[in-house]
Amino acid sequence: MSEATPVFELWRAGILTFEAAGTYDNPFLDVEIWAAFTAPSGRVIRREAYWDGGNVWRVSFASTETGMWTYTLE
């Protein structure tokens, strides 16, 4: 099953949600997740994800140029 590709408006923040496969005793200290967003021009914007309870992390992002962006989690 494939996930829908998120669509973001230019300059308007959106939030991506991710679930960890496991649980952690202290998510604030045990986990660090970064998302690297790559613009059509090749520019990379990195944003840190934040823990939102349980095994859920979220990252907020606003595109700064039009076109297809890609992202990877680090």
# chains A, B, ... in the order shown; residues from 1 in each chain; ligands from 1

call {"tool": "select_by_dssp", "arguments": {"residues": "chain A", "states": "alpha helix (DSSP H)", "output": "PyMOL selection string"}}
result
chain A and resi 27-30

call {"tool": "residues_around", "arguments": {"residues": "A:Tyr24", "least_positions_apart": "2", "cutoff": "12 Å", "atoms": "only C-alpha atoms", "output": "ChimeraX atom specification"}}
result
/A:20-22,26-32,51,53-56

call {"tool": "residues_around", "arguments": {"residues": "A:Val44", "least_positions_apart": "6", "cutoff": "10 Å", "atoms": "only C-alpha atoms", "output": "PyMOL selection string"}}
result
chain A and resi 35-38+69-71

call {"tool": "write_last_selection", "arguments": {"atoms": "N, CA, C and O atoms", "output": "compact mmCIF listing (two decimals), in the first residue's frame"}}
result
# COMPACT_ATOMS: atom_id res chain seq x y z
N ALA A 35 14.32 15.79 9.43
CA ALA A 35 13.84 15.63 8.06
C ALA A 35 14.64 16.59 7.18
O ALA A 35 14.80 17.76 7.52
N ALA A 36 15.14 16.08 6.08
CA ALA A 36 15.88 16.89 5.11
C ALA A 36 14.99 17.03 3.87
O ALA A 36 14.71 16.04 3.18
N PHE A 37 14.52 18.24 3.62
CA PHE A 37 13.65 18.53 2.48
C PHE A 37 14.50 19.10 1.35
O PHE A 37 15.23 20.07 1.57
N THR A 38 14.39 18.53 0.17
CA THR A 38 15.18 18.99 -0.98
C THR A 38 14.25 19.64 -1.99
O THR A 38 13.30 19.03 -2.47
N TRP A 69 9.06 18.66 -4.23
CA TRP A 69 10.05 18.52 -3.17
C TRP A 69 10.15 17.05 -2.79
O TRP A 69 9.19 16.31 -2.94
N THR A 70 11.30 16.66 -2.28
CA THR A 70 11.46 15.32 -1.71
C THR A 70 11.97 15.48 -0.30
O THR A 70 12.47 16.55 0.09
N TYR A 71 11.81 14.42 0.51
CA TYR A 71 12.36 14.49 1.86
C TYR A 71 12.86 13.11 2.29
O TYR A 71 12.41 12.08 1.77

call {"tool": "select_by_dssp", "arguments": {"residues": "chain A", "states": "strand (DSSP E)", "output": "PyMOL selection string"}}
result
chain A and resi 14-19+34-38+44-48+50-51+56-61+70-73

call {"tool": "residues_around", "arguments": {"residues": "A:Ala39", "least_positions_apart": "3", "cutoff": "12 Å", "atoms": "only C-alpha atoms", "output": "PyMOL selection string"}}
result
chain A and resi 10+36+42-46+61-71

call {"tool": "write_last_selection", "arguments": {"atoms": "N, CA, C and O atoms", "output": "PDB file, in the first residue's frame"}}
result
ATOM      1  N   LEU A  10       2.845  27.052  -1.106  1.00  0.00           N
ATOM      2  CA  LEU A  10       4.050  27.865  -0.975  1.00  0.00           C
ATOM      3  C   LEU A  10       3.948  28.768   0.248  1.00  0.00           C
ATOM      4  O   LEU A  10       2.932  29.434   0.450  1.00  0.00           O
ATOM      5  N   ALA A  36      15.144  16.075   6.077  1.00  0.00           N
ATOM      6  CA  ALA A  36      15.875  16.894   5.109  1.00  0.00           C
ATOM      7  C   ALA A  36      14.990  17.032   3.872  1.00  0.00           C
ATOM      8  O   ALA A  36      14.714  16.043   3.183  1.00  0.00           O
ATOM      9  N   GLY A  42      17.507  22.050  -5.675  1.00  0.00           N
ATOM     10  CA  GLY A  42      18.588  21.329  -5.012  1.00  0.00           C
ATOM     11  C   GLY A  42      18.888  21.839  -3.614  1.00  0.00           C
ATOM     12  O   GLY A  42      19.650  21.219  -2.875  1.00  0.00           O
ATOM     13  N   ARG A  43      18.325  22.967  -3.245  1.00  0.00           N
ATOM     14  CA  ARG A  43      18.530  23.507  -1.898  1.00  0.00           C
ATOM     15  C   ARG A  43      17.918  22.559  -0.871  1.00  0.00           C
ATOM     16  O   ARG A  43      16.842  22.019  -1.079  1.00  0.00           O
ATOM     17  N   VAL A  44      18.607  22.348   0.250  1.00  0.00           N
ATOM     18  CA  VAL A  44      18.140  21.447   1.302  1.00  0.00           C
ATOM     19  C   VAL A  44      17.795  22.249   2.551  1.00  0.00           C
ATOM     20  O   VAL A  44      18.574  23.102   2.989  1.00  0.00           O
ATOM     21  N   ILE A  45      16.624  21.976   3.095  1.00  0.00           N
ATOM     22  CA  ILE A  45      16.188  22.579   4.355  1.00  0.00           C
ATOM     23  C   ILE A  45      16.004  21.447   5.358  1.00  0.00           C
ATOM     24  O   ILE A  45      15.277  20.496   5.090  1.00  0.00           O
ATOM     25  N   ARG A  46      16.672  21.537   6.505  1.00  0.00           N
ATOM     26  CA  ARG A  46      16.555  20.515   7.553  1.00  0.00           C
ATOM     27  C   ARG A  46      15.677  21.038   8.679  1.00  0.00           C
ATOM     28  O   ARG A  46      15.820  22.175   9.107  1.00  0.00           O
ATOM     29  N   PHE A  61       6.864  21.931   8.155  1.00  0.00           N
ATOM     30  CA  PHE A  61       7.646  22.365   7.004  1.00  0.00           C
ATOM     31  C   PHE A  61       6.822  23.303   6.145  1.00  0.00           C
ATOM     32  O   PHE A  61       5.614  23.101   5.962  1.00  0.00           O
ATOM     33  N   ALA A  62       7.468  24.328   5.602  1.00  0.00           N
ATOM     34  CA  ALA A  62       6.849  25.233   4.632  1.00  0.00           C
ATOM     35  C   ALA A  62       7.770  25.332   3.419  1.00  0.00           C
ATOM     36  O   ALA A  62       8.956  25.652   3.562  1.00  0.00           O
ATOM     37  N   SER A  63       7.238  25.055   2.250  1.00  0.00           N
ATOM     38  CA  SER A  63       8.061  25.130   1.034  1.00  0.00           C
ATOM     39  C   SER A  63       8.368  26.588   0.703  1.00  0.00           C
ATOM     40  O   SER A  63       7.557  27.477   0.940  1.00  0.00           O
ATOM     41  N   THR A  64       9.548  26.804   0.165  1.00  0.00           N
ATOM     42  CA  THR A  64       9.998  28.155  -0.167  1.00  0.00           C
ATOM     43  C   THR A  64      10.109  28.384  -1.671  1.00  0.00           C
ATOM     44  O   THR A  64      10.518  29.456  -2.106  1.00  0.00           O
ATOM     45  N   GLU A  65       9.775  27.340  -2.442  1.00  0.00           N
ATOM     46  CA  GLU A  65       9.731  27.484  -3.896  1.00  0.00           C
ATOM     47  C   GLU A  65       8.737  26.460  -4.443  1.00  0.00           C
ATOM     48  O   GLU A  65       8.467  25.447  -3.801  1.00  0.00           O
ATOM     49  N   THR A  66       8.189  26.747  -5.606  1.00  0.00           N
ATOM     50  CA  THR A  66       7.203  25.851  -6.197  1.00  0.00           C
ATOM     51  C   THR A  66       7.877  24.662  -6.863  1.00  0.00           C
ATOM     52  O   THR A  66       9.039  24.734  -7.252  1.00  0.00           O
ATOM     53  N   GLY A  67       7.132  23.589  -6.989  1.00  0.00           N
ATOM     54  CA  GLY A  67       7.640  22.394  -7.648  1.00  0.00           C
ATOM     55  C   GLY A  67       7.638  21.201  -6.714  1.00  0.00           C
ATOM     56  O   GLY A  67       7.161  21.260  -5.575  1.00  0.00           O
ATOM     57  N   MET A  68       8.180  20.094  -7.213  1.00  0.00           N
ATOM     58  CA  MET A  68       8.208  18.843  -6.474  1.00  0.00           C
ATOM     59  C   MET A  68       9.381  18.807  -5.495  1.00  0.00           C
ATOM     60  O   MET A  68      10.531  18.936  -5.897  1.00  0.00           O
ATOM     61  N   TRP A  69       9.064  18.660  -4.233  1.00  0.00           N
ATOM     62  CA  TRP A  69      10.054  18.518  -3.172  1.00  0.00           C
ATOM     63  C   TRP A  69      10.149  17.050  -2.788  1.00  0.00           C
ATOM     64  O   TRP A  69       9.195  16.305  -2.935  1.00  0.00           O
ATOM     65  N   THR A  70      11.305  16.664  -2.279  1.00  0.00           N
ATOM     66  CA  THR A  70      11.456  15.323  -1.713  1.00  0.00           C
ATOM     67  C   THR A  70      11.966  15.478  -0.295  1.00  0.00           C
ATOM     68  O   THR A  70      12.469  16.549   0.087  1.00  0.00           O
ATOM     69  N   TYR A  71      11.806  14.419   0.505  1.00  0.00           N
ATOM     70  CA  TYR A  71      12.357  14.487   1.861  1.00  0.00           C
ATOM     71  C   TYR A  71      12.857  13.111   2.287  1.00  0.00           C
ATOM     72  O   TYR A  71      12.412  12.084   1.773  1.00  0.00           O
TER      73      TYR A  71
END

call {"tool": "closest_residue", "arguments": {"among": "A:Trp57, A:Ser41, A:Trp34, A:Tyr50", "to": "A:Glu19", "atoms": "only C-alpha atoms"}}
result
A:Trp57

call {"tool": "closest_residue", "arguments": {"among": "A:Phe8, A:Glu74, A:Asp25, A:Arg47", "to": "A:Ser60", "atoms": "only C-alpha atoms"}}
result
A:Arg47

call {"tool": "atom_distance", "arguments": {"atom1": "atom CA of A:Val7", "atom2": "atom CA of A:Thr23"}}
result
29.1 Å

call {"tool": "decode", "arguments": {"residues": "chain A", "atoms": "C-alpha atoms", "output": "short mmCIF file (atom, residue, chain, number, x, y, z; two decimals), in the first residue's frame"}}
result
data_model
loop_
_atom_site.label_atom_id
_atom_site.label_comp_id
_atom_site.auth_asym_id
_atom_site.auth_seq_id
_atom_site.Cartn_x
_atom_site.Cartn_y
_atom_site.Cartn_z
CA MET A 1 0.00 0.00 0.00
CA SER A 2 1.43 3.40 -0.92
CA GLU A 3 0.95 6.56 1.10
CA ALA A 4 -0.45 9.74 -0.40
CA THR A 5 2.10 12.36 -1.35
CA PRO A 6 1.64 15.39 0.89
CA VAL A 7 0.89 18.68 -0.85
CA PHE A 8 2.05 21.96 0.69
CA GLU A 9 1.17 25.47 -0.40
CA LEU A 10 4.05 27.86 -0.98
CA TRP A 11 5.09 29.56 2.29
CA ARG A 12 2.33 27.79 4.24
CA ALA A 13 3.42 25.33 6.94
CA GLY A 14 2.19 21.77 6.91
CA ILE A 15 2.88 18.93 9.31
CA LEU A 16 4.11 15.44 8.45
CA THR A 17 3.46 12.66 10.96
CA PHE A 18 5.65 9.60 11.51
CA GLU A 19 5.32 6.59 13.80
CA ALA A 20 8.29 4.78 15.31
CA ALA A 21 8.32 0.99 15.18
CA GLY A 22 9.31 0.80 18.85
CA THR A 23 8.84 2.68 22.09
CA TYR A 24 11.42 4.57 24.12
CA ASP A 25 11.84 5.14 27.85
CA ASN A 26 12.62 8.82 27.29
CA PRO A 27 11.82 10.03 23.75
CA PHE A 28 13.30 13.48 24.53
CA LEU A 29 16.75 12.01 25.20
CA ASP A 30 16.69 8.68 23.34
CA VAL A 31 15.51 9.87 19.92
CA GLU A 32 16.60 12.57 17.53
CA ILE A 33 14.85 12.74 14.15
CA TRP A 34 15.58 15.22 11.40
CA ALA A 35 13.84 15.63 8.06
CA ALA A 36 15.88 16.89 5.11
CA PHE A 37 13.65 18.53 2.48
CA THR A 38 15.18 18.99 -0.98
CA ALA A 39 13.76 21.69 -3.24
CA PRO A 40 13.51 21.44 -7.03
CA SER A 41 16.57 23.73 -7.19
CA GLY A 42 18.59 21.33 -5.01
CA ARG A 43 18.53 23.51 -1.90
CA VAL A 44 18.14 21.45 1.30
CA ILE A 45 16.19 22.58 4.36
CA ARG A 46 16.56 20.52 7.55
CA ARG A 47 13.90 20.52 10.27
CA GLU A 48 13.91 18.66 13.56
CA ALA A 49 10.91 16.45 14.32
CA TYR A 50 9.18 16.75 17.66
CA TRP A 51 7.73 14.01 19.83
CA ASP A 52 3.93 14.12 20.10
CA GLY A 53 3.27 11.31 22.55
CA GLY A 54 3.43 7.53 22.32
CA ASN A 55 5.45 6.55 19.27
CA VAL A 56 4.41 9.58 17.16
CA TRP A 57 6.74 12.28 15.86
CA ARG A 58 5.83 15.26 13.71
CA VAL A 59 7.79 17.75 11.65
CA SER A 60 6.56 21.13 10.42
CA PHE A 61 7.65 22.36 7.00
CA ALA A 62 6.85 25.23 4.63
CA SER A 63 8.06 25.13 1.03
CA THR A 64 10.00 28.15 -0.17
CA GLU A 65 9.73 27.48 -3.90
CA THR A 66 7.20 25.85 -6.20
CA GLY A 67 7.64 22.39 -7.65
CA MET A 68 8.21 18.84 -6.47
CA TRP A 69 10.05 18.52 -3.17
CA THR A 70 11.46 15.32 -1.71
CA TYR A 71 12.36 14.49 1.86
CA THR A 72 14.32 11.93 3.82
CA LEU A 73 14.40 11.20 7.53
CA GLU A 74 17.69 11.14 9.39
#
